[in-house]
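**Q** Input model-v1.csv, format and content: CSV, C-alpha atoms.
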chain,number,residue,atom,x,y,z
A,28,MET,CA,73.8,-14.6,9.9
A,29,ILE,CA,71.4,-12.7,12.2
A,30,ARG,CA,74.2,-11.2,14.3
A,31,PRO,CA,75.7,-9.1,11.5
A,32,ILE,CA,72.3,-7.9,10.5
A,33,ALA,CA,71.4,-7.0,14.2
A,34,SER,CA,74.8,-5.2,14.5
A,35,LEU,CA,74.0,-3.1,11.5
A,36,LEU,CA,70.5,-2.3,12.9
A,37,VAL,CA,72.0,-1.3,16.2
A,38,ALA,CA,74.6,1.0,14.5
A,39,GLY,CA,71.9,2.6,12.4
A,40,CYS,CA,69.5,3.1,15.3
A,41,LEU,CA,72.1,4.6,17.5
A,42,SER,CA,73.1,7.0,14.8
A,43,GLY,CA,69.5,8.1,14.2
A,44,CYS,CA,67.7,5.8,11.8
A,45,GLY,CA,64.0,6.6,11.2
A,46,SER,CA,61.7,8.3,8.8
A,47,SER,CA,63.0,10.9,6.5
A,48,THR,CA,59.7,12.7,6.6
A,49,PRO,CA,60.1,16.1,8.1
A,50,GLN,CA,58.4,16.4,11.5
A,51,ALA,CA,57.1,19.3,13.5
A,52,PRO,CA,59.9,20.7,15.7
A,53,ALA,CA,57.9,19.8,18.9
A,54,ASN,CA,58.2,16.1,17.9
A,55,ASP,CA,62.0,16.1,17.1
A,56,GLY,CA,63.1,15.7,20.8
A,57,ALA,CA,60.6,13.0,21.5
A,58,ARG,CA,61.3,11.1,18.3
A,59,SER,CA,65.1,11.4,19.0
A,60,GLN,CA,64.6,10.2,22.6
A,61,LEU,CA,62.5,7.2,21.5
A,62,GLN,CA,65.0,6.4,18.8
A,63,THR,CA,67.9,6.4,21.3
A,64,LEU,CA,66.0,4.2,23.7
A,65,LEU,CA,65.0,1.8,20.8
A,66,GLY,CA,68.6,1.6,19.8
A,67,HIS,CA,69.6,0.4,23.2
A,68,TYR,CA,66.7,-2.0,23.2
A,69,VAL,CA,67.7,-3.5,19.9
A,70,GLN,CA,71.3,-3.6,21.1
A,71,TYR,CA,70.2,-5.6,24.2
A,72,ALA,CA,68.3,-8.0,22.0
A,73,ALA,CA,71.2,-8.5,19.6
A,74,ALA,CA,73.4,-9.4,22.5
A,75,ASN,CA,70.8,-11.8,24.0
A,76,HIS,CA,69.8,-14.2,21.2
A,77,GLU,CA,67.1,-11.8,19.9
A,78,GLN,CA,65.3,-11.7,23.3
A,79,ALA,CA,63.9,-8.5,24.8
A,80,PRO,CA,65.0,-7.6,28.3
A,81,PRO,CA,63.1,-9.9,30.8
A,82,ASP,CA,62.0,-6.9,32.9
A,83,GLU,CA,62.4,-3.2,33.5
A,84,ALA,CA,65.1,-3.7,36.2
A,85,THR,CA,67.3,-5.7,33.8
A,86,PHE,CA,66.9,-3.1,31.1
A,87,ARG,CA,67.7,-0.2,33.5
A,88,LYS,CA,70.8,-2.0,34.6
A,89,PHE,CA,71.8,-2.5,30.9
A,90,LEU,CA,71.2,1.2,30.3
A,91,ALA,CA,73.3,2.2,33.3
A,92,GLY,CA,76.1,0.0,32.0
A,93,LYS,CA,75.9,2.0,28.7
A,94,GLN,CA,76.5,5.2,30.8
A,95,VAL,CA,73.0,6.5,30.1
A,96,ALA,CA,73.0,9.5,32.4
A,97,GLU,CA,69.2,10.0,33.0
A,98,VAL,CA,67.6,6.6,32.7
A,99,ASP,CA,64.3,7.8,34.2
A,100,LYS,CA,64.1,10.7,31.7
A,101,LEU,CA,64.9,8.4,28.8
A,102,LEU,CA,62.0,6.1,29.8
A,103,THR,CA,59.5,8.9,30.0
A,104,SER,CA,57.8,10.6,27.0
A,105,PRO,CA,58.4,14.3,26.9
A,106,ARG,CA,55.1,14.7,25.0
A,107,ASP,CA,52.7,13.2,27.5
A,108,GLY,CA,54.9,13.0,30.6
A,109,LYS,CA,54.1,9.3,31.1
A,110,ALA,CA,56.4,6.3,31.2
A,111,LEU,CA,57.0,4.8,27.8
A,112,VAL,CA,55.5,1.4,27.3
A,113,VAL,CA,58.4,-1.1,26.8
A,114,THR,CA,57.8,-4.7,25.8
A,115,TYR,CA,59.6,-7.2,28.1
A,116,LYS,CA,59.9,-11.0,28.0
A,117,LYS,CA,59.5,-11.3,24.2
A,118,SER,CA,61.4,-13.0,21.4
A,119,LEU,CA,61.9,-10.6,18.6
A,120,VAL,CA,62.0,-13.4,16.1
A,121,ALA,CA,59.3,-15.8,17.2
A,122,ASP,CA,55.7,-15.9,18.5
A,123,PRO,CA,54.9,-18.7,20.9
A,124,SER,CA,51.6,-19.4,19.0
A,125,LYS,CA,53.1,-19.2,15.5
A,126,GLY,CA,56.7,-20.2,15.7
A,127,ASN,CA,59.4,-18.2,13.9
A,128,LEU,CA,58.1,-15.0,12.4
A,129,PRO,CA,59.0,-14.2,8.8
A,130,PRO,CA,61.2,-11.1,8.4
A,131,GLU,CA,58.4,-8.9,7.1
A,132,GLN,CA,56.3,-9.5,10.3
A,133,ARG,CA,59.3,-9.0,12.6
A,134,GLU,CA,59.7,-5.5,11.2
A,135,LYS,CA,56.2,-4.5,12.4
A,136,VAL,CA,56.4,-5.6,16.0
A,137,ILE,CA,56.0,-2.6,18.3
A,138,VAL,CA,58.4,-2.9,21.2
A,139,ILE,CA,58.3,0.7,22.6
A,140,ARG,CA,55.5,3.2,22.5
A,141,GLU,CA,54.0,6.3,24.1
A,142,GLN,CA,51.0,5.8,26.3
A,143,GLU,CA,49.1,8.8,25.0
A,144,GLY,CA,51.4,10.9,22.8
A,145,ALA,CA,50.2,14.3,21.7
A,146,ASN,CA,47.5,15.7,19.4
A,147,GLY,CA,45.9,12.3,18.7
A,148,LYS,CA,49.2,10.8,17.7
A,149,ARG,CA,51.7,8.5,19.4
A,150,LEU,CA,55.3,7.6,18.7
A,151,VAL,CA,56.0,3.9,18.4
A,152,GLY,CA,59.3,2.0,17.9
A,153,TYR,CA,59.4,-1.3,16.0
A,154,SER,CA,61.7,-4.2,16.6
A,155,SER,CA,63.3,-3.4,13.2
A,156,GLY,CA,64.7,-0.1,14.7
A,157,PHE,CA,62.2,2.1,12.9
A,158,VAL,CA,60.3,4.9,14.8
A,159,GLU,CA,57.1,6.5,13.5
A,160,GLU,CA,54.2,8.5,14.6
A,161,VAL,CA,50.8,6.8,14.3
A,162,ASP,CA,47.3,7.8,14.9
A,163,ALA,CA,46.4,7.1,18.6
A,164,SER,CA,43.2,5.2,17.5
A,165,VAL,CA,45.3,2.6,15.7
A,166,PRO,CA,45.3,-0.7,17.7
A,167,LEU,CA,48.8,-1.6,18.9
A,168,ASN,CA,50.2,-5.1,19.1
Using structure tokens, write down the structure from this file.
**A**
Amino acid sequence: MIRPIASLLVAGCLSGCGSSTPQAPANDGARSQLQTLLGHYVQYAAANHEQAPPDEATFRKFLAGKQVAEVDKLLTSPRDGKALVVTYKKSLVADPSKGNLPPEQREKVIVIREQEGANGKRLVGYSSGFVEEVDASVPLN
């Protein structure tokens, strides 16, 4: 039953799921970009038994196959100009030390994030497909 749920997540992410809270215009482009990248990430995982891409080269190849025109630009935060931190080699449904994660914990696993962000905040993308801006001092998993 995980496949239909993952498919719905992918469809929602690629169409722009996320917070309904209004954001400052400067963040709209960065949030949209991270949401697009996250949608592709979730789509990759859905097609690969809920596994993250094994490495950056594999994810880049996947993005190229999706006709993403500017892969380098998509993988770089427009706010801090640094490469986005993408989690590779990870199961999105299990933790090696804990076994299968309950759904409420799966939703809070950060899989893509900005290195620094802007104005003391950084954008993060969760395995659930949700993007939010968090205080840069918050510890990230």
**Q** Tell me which protein, DNA and RNA residues are within 12 Å of A:Ser104, counting only C-alpha atoms, leaving out same-chain ones fewer than 5 positions away, and put them as a ChimeraX atom specification.
**A** /A:54,56-62,64,99,109-113,139-145,149-151
**Q** Between A:Lys93, A:His76, A:His67, A:Lys135, which has the minimum distance to A:Ser155 (counting all atoms listed in the file)?
**A**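 Counting all atoms listed in the file, the residue closest to A:Ser155 is A:Lys135.
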**Q** Using Å and a single decimal, report how far atom CA of A:Ser118 sits from atom CA of A:Ala74.
**A**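 Rounded to one decimal, the two atoms are 12.6 Å apart.
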**Q** Measure the distance from atom CA of A:Asp55 to atom CA of A:Glu160 in Å and round it to one decimal.
**A** 11.2 Å
**Q** Quick one: residues within 7 Å of A:Val138, all atoms listed in the file, excluding same-chain residues fewer than 4 positions away - as a list in words?
**A**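 Everything that qualifies: Val113, Thr114, Gly152, Tyr153 and Ser154 of chain A.
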**Q** Smallest atom-to-atom distance to A:Leu101: which of A:Ala79, A:Val165, A:Leu65, A:Val158, using all atoms listed in the file?
**A**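 Of A:Ala79, A:Val165, A:Leu65, A:Val158, the one nearest A:Leu101, counting all atoms listed in the file, is A:Leu65.
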**Q** Find the residue from A:Asp107, A:Gln70, A:Pro166, A:Lys148 that sits nearest to A:Phe89; use all atoms listed in the file when measuring.
**A** A:Gln70
**Q** Ranking A:Gln94, A:Tyr115, A:Leu102, A:Gly66 by minimum distance to A:Pro81 and counting all atoms listed in the file, which one comes first?
**A**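 Using all atoms listed in the file, the shortest distance to A:Pro81 belongs to A:Tyr115.
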**Q** Report, in Å to a single decimal, how far apart atom CA of A:Pro80 and atom CA of A:Lys100 are.
**A**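 Between atom CA of A:Lys100 and atom CA of A:Pro80 the gap is 18.6 Å.
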**Q** Fix up stretch 62-95 of chain A with N, CA and C atoms, then write it as a PDB file, in the frame of the given file.
**A**
ATOM      1  N   GLN A  62      64.083   7.085  19.664  1.00  0.00           N
ATOM      2  CA  GLN A  62      65.000   6.400  18.800  1.00  0.00           C
ATOM      3  C   GLN A  62      66.271   5.958  19.578  1.00  0.00           C
ATOM      4  N   THR A  63      66.733   6.780  20.502  1.00  0.00           N
ATOM      5  CA  THR A  63      67.900   6.400  21.300  1.00  0.00           C
ATOM      6  C   THR A  63      67.539   5.216  22.212  1.00  0.00           C
ATOM      7  N   LEU A  64      66.385   5.263  22.870  1.00  0.00           N
ATOM      8  CA  LEU A  64      66.000   4.200  23.700  1.00  0.00           C
ATOM      9  C   LEU A  64      65.803   2.876  22.886  1.00  0.00           C
ATOM     10  N   LEU A  65      65.195   2.996  21.727  1.00  0.00           N
ATOM     11  CA  LEU A  65      65.000   1.800  20.800  1.00  0.00           C
ATOM     12  C   LEU A  65      66.336   1.262  20.404  1.00  0.00           C
ATOM     13  N   GLY A  66      67.300   2.116  20.127  1.00  0.00           N
ATOM     14  CA  GLY A  66      68.600   1.600  19.800  1.00  0.00           C
ATOM     15  C   GLY A  66      69.245   0.779  20.845  1.00  0.00           C
ATOM     16  N   HIS A  67      69.100   1.213  22.091  1.00  0.00           N
ATOM     17  CA  HIS A  67      69.600   0.400  23.200  1.00  0.00           C
ATOM     18  C   HIS A  67      68.833  -0.891  23.364  1.00  0.00           C
ATOM     19  N   TYR A  68      67.526  -0.830  23.140  1.00  0.00           N
ATOM     20  CA  TYR A  68      66.700  -2.000  23.200  1.00  0.00           C
ATOM     21  C   TYR A  68      67.119  -3.065  22.190  1.00  0.00           C
ATOM     22  N   VAL A  69      67.298  -2.626  20.951  1.00  0.00           N
ATOM     23  CA  VAL A  69      67.700  -3.500  19.900  1.00  0.00           C
ATOM     24  C   VAL A  69      69.124  -4.055  20.163  1.00  0.00           C
ATOM     25  N   GLN A  70      69.979  -3.212  20.721  1.00  0.00           N
ATOM     26  CA  GLN A  70      71.300  -3.600  21.100  1.00  0.00           C
ATOM     27  C   GLN A  70      71.274  -4.732  22.157  1.00  0.00           C
ATOM     28  N   TYR A  71      70.417  -4.547  23.153  1.00  0.00           N
ATOM     29  CA  TYR A  71      70.200  -5.600  24.200  1.00  0.00           C
ATOM     30  C   TYR A  71      69.805  -6.890  23.541  1.00  0.00           C
ATOM     31  N   ALA A  72      68.796  -6.819  22.664  1.00  0.00           N
ATOM     32  CA  ALA A  72      68.300  -8.000  22.000  1.00  0.00           C
ATOM     33  C   ALA A  72      69.355  -8.711  21.179  1.00  0.00           C
ATOM     34  N   ALA A  73      70.137  -7.942  20.459  1.00  0.00           N
ATOM     35  CA  ALA A  73      71.200  -8.500  19.600  1.00  0.00           C
ATOM     36  C   ALA A  73      72.219  -9.270  20.445  1.00  0.00           C
ATOM     37  N   ALA A  74      72.469  -8.786  21.645  1.00  0.00           N
ATOM     38  CA  ALA A  74      73.400  -9.400  22.500  1.00  0.00           C
ATOM     39  C   ALA A  74      72.848 -10.591  23.318  1.00  0.00           C
ATOM     40  N   ASN A  75      71.528 -10.775  23.218  1.00  0.00           N
ATOM     41  CA  ASN A  75      70.800 -11.800  24.000  1.00  0.00           C
ATOM     42  C   ASN A  75      69.940 -12.698  23.180  1.00  0.00           C
ATOM     43  N   HIS A  76      70.467 -13.189  22.075  1.00  0.00           N
ATOM     44  CA  HIS A  76      69.800 -14.200  21.200  1.00  0.00           C
ATOM     45  C   HIS A  76      68.397 -13.661  20.774  1.00  0.00           C
ATOM     46  N   GLU A  77      68.324 -12.381  20.414  1.00  0.00           N
ATOM     47  CA  GLU A  77      67.100 -11.800  19.900  1.00  0.00           C
ATOM     48  C   GLU A  77      65.951 -11.785  20.901  1.00  0.00           C
ATOM     49  N   GLN A  78      66.299 -11.730  22.184  1.00  0.00           N
ATOM     50  CA  GLN A  78      65.300 -11.700  23.300  1.00  0.00           C
ATOM     51  C   GLN A  78      65.248 -10.279  23.841  1.00  0.00           C
ATOM     52  N   ALA A  79      64.047  -9.793  24.087  1.00  0.00           N
ATOM     53  CA  ALA A  79      63.900  -8.500  24.800  1.00  0.00           C
ATOM     54  C   ALA A  79      64.348  -8.661  26.212  1.00  0.00           C
ATOM     55  N   PRO A  80      64.621  -7.537  26.879  1.00  0.00           N
ATOM     56  CA  PRO A  80      65.000  -7.600  28.300  1.00  0.00           C
ATOM     57  C   PRO A  80      63.819  -8.348  29.049  1.00  0.00           C
ATOM     58  N   PRO A  81      64.148  -9.133  30.074  1.00  0.00           N
ATOM     59  CA  PRO A  81      63.100  -9.900  30.800  1.00  0.00           C
ATOM     60  C   PRO A  81      62.217  -8.968  31.651  1.00  0.00           C
ATOM     61  N   ASP A  82      62.761  -7.816  32.074  1.00  0.00           N
ATOM     62  CA  ASP A  82      62.000  -6.900  32.900  1.00  0.00           C
ATOM     63  C   ASP A  82      62.641  -5.533  32.932  1.00  0.00           C
ATOM     64  N   GLU A  83      61.935  -4.581  33.524  1.00  0.00           N
ATOM     65  CA  GLU A  83      62.400  -3.200  33.500  1.00  0.00           C
ATOM     66  C   GLU A  83      63.735  -3.071  34.321  1.00  0.00           C
ATOM     67  N   ALA A  84      63.860  -3.772  35.433  1.00  0.00           N
ATOM     68  CA  ALA A  84      65.100  -3.700  36.200  1.00  0.00           C
ATOM     69  C   ALA A  84      66.309  -4.109  35.447  1.00  0.00           C
ATOM     70  N   THR A  85      66.178  -5.176  34.676  1.00  0.00           N
ATOM     71  CA  THR A  85      67.300  -5.700  33.800  1.00  0.00           C
ATOM     72  C   THR A  85      67.635  -4.640  32.767  1.00  0.00           C
ATOM     73  N   PHE A  86      66.611  -4.053  32.146  1.00  0.00           N
ATOM     74  CA  PHE A  86      66.900  -3.100  31.100  1.00  0.00           C
ATOM     75  C   PHE A  86      67.501  -1.807  31.684  1.00  0.00           C
ATOM     76  N   ARG A  87      67.051  -1.382  32.859  1.00  0.00           N
ATOM     77  CA  ARG A  87      67.700  -0.200  33.500  1.00  0.00           C
ATOM     78  C   ARG A  87      69.129  -0.481  33.824  1.00  0.00           C
ATOM     79  N   LYS A  88      69.433  -1.679  34.284  1.00  0.00           N
ATOM     80  CA  LYS A  88      70.800  -2.000  34.600  1.00  0.00           C
ATOM     81  C   LYS A  88      71.663  -2.007  33.301  1.00  0.00           C
ATOM     82  N   PHE A  89      71.100  -2.513  32.218  1.00  0.00           N
ATOM     83  CA  PHE A  89      71.800  -2.500  30.900  1.00  0.00           C
ATOM     84  C   PHE A  89      72.048  -1.041  30.502  1.00  0.00           C
ATOM     85  N   LEU A  90      71.032  -0.170  30.633  1.00  0.00           N
ATOM     86  CA  LEU A  90      71.200   1.200  30.300  1.00  0.00           C
ATOM     87  C   LEU A  90      72.261   1.917  31.113  1.00  0.00           C
ATOM     88  N   ALA A  91      72.251   1.628  32.392  1.00  0.00           N
ATOM     89  CA  ALA A  91      73.300   2.200  33.300  1.00  0.00           C
ATOM     90  C   ALA A  91      74.657   1.758  32.872  1.00  0.00           C
ATOM     91  N   GLY A  92      74.785   0.510  32.445  1.00  0.00           N
ATOM     92  CA  GLY A  92      76.100   0.000  32.000  1.00  0.00           C
ATOM     93  C   GLY A  92      76.534   0.662  30.686  1.00  0.00           C
ATOM     94  N   LYS A  93      75.609   1.252  29.961  1.00  0.00           N
ATOM     95  CA  LYS A  93      75.900   2.000  28.700  1.00  0.00           C
ATOM     96  C   LYS A  93      76.163   3.473  29.015  1.00  0.00           C
ATOM     97  N   GLN A  94      76.292   3.812  30.288  1.00  0.00           N
ATOM     98  CA  GLN A  94      76.500   5.200  30.800  1.00  0.00           C
ATOM     99  C   GLN A  94      75.405   6.152  30.339  1.00  0.00           C
ATOM    100  N   VAL A  95      74.167   5.656  30.313  1.00  0.00           N
ATOM    101  CA  VAL A  95      73.000   6.500  30.100  1.00  0.00           C
ATOM    102  C   VAL A  95      72.831   7.333  31.360  1.00  0.00           C
TER     103      VAL A  95
END
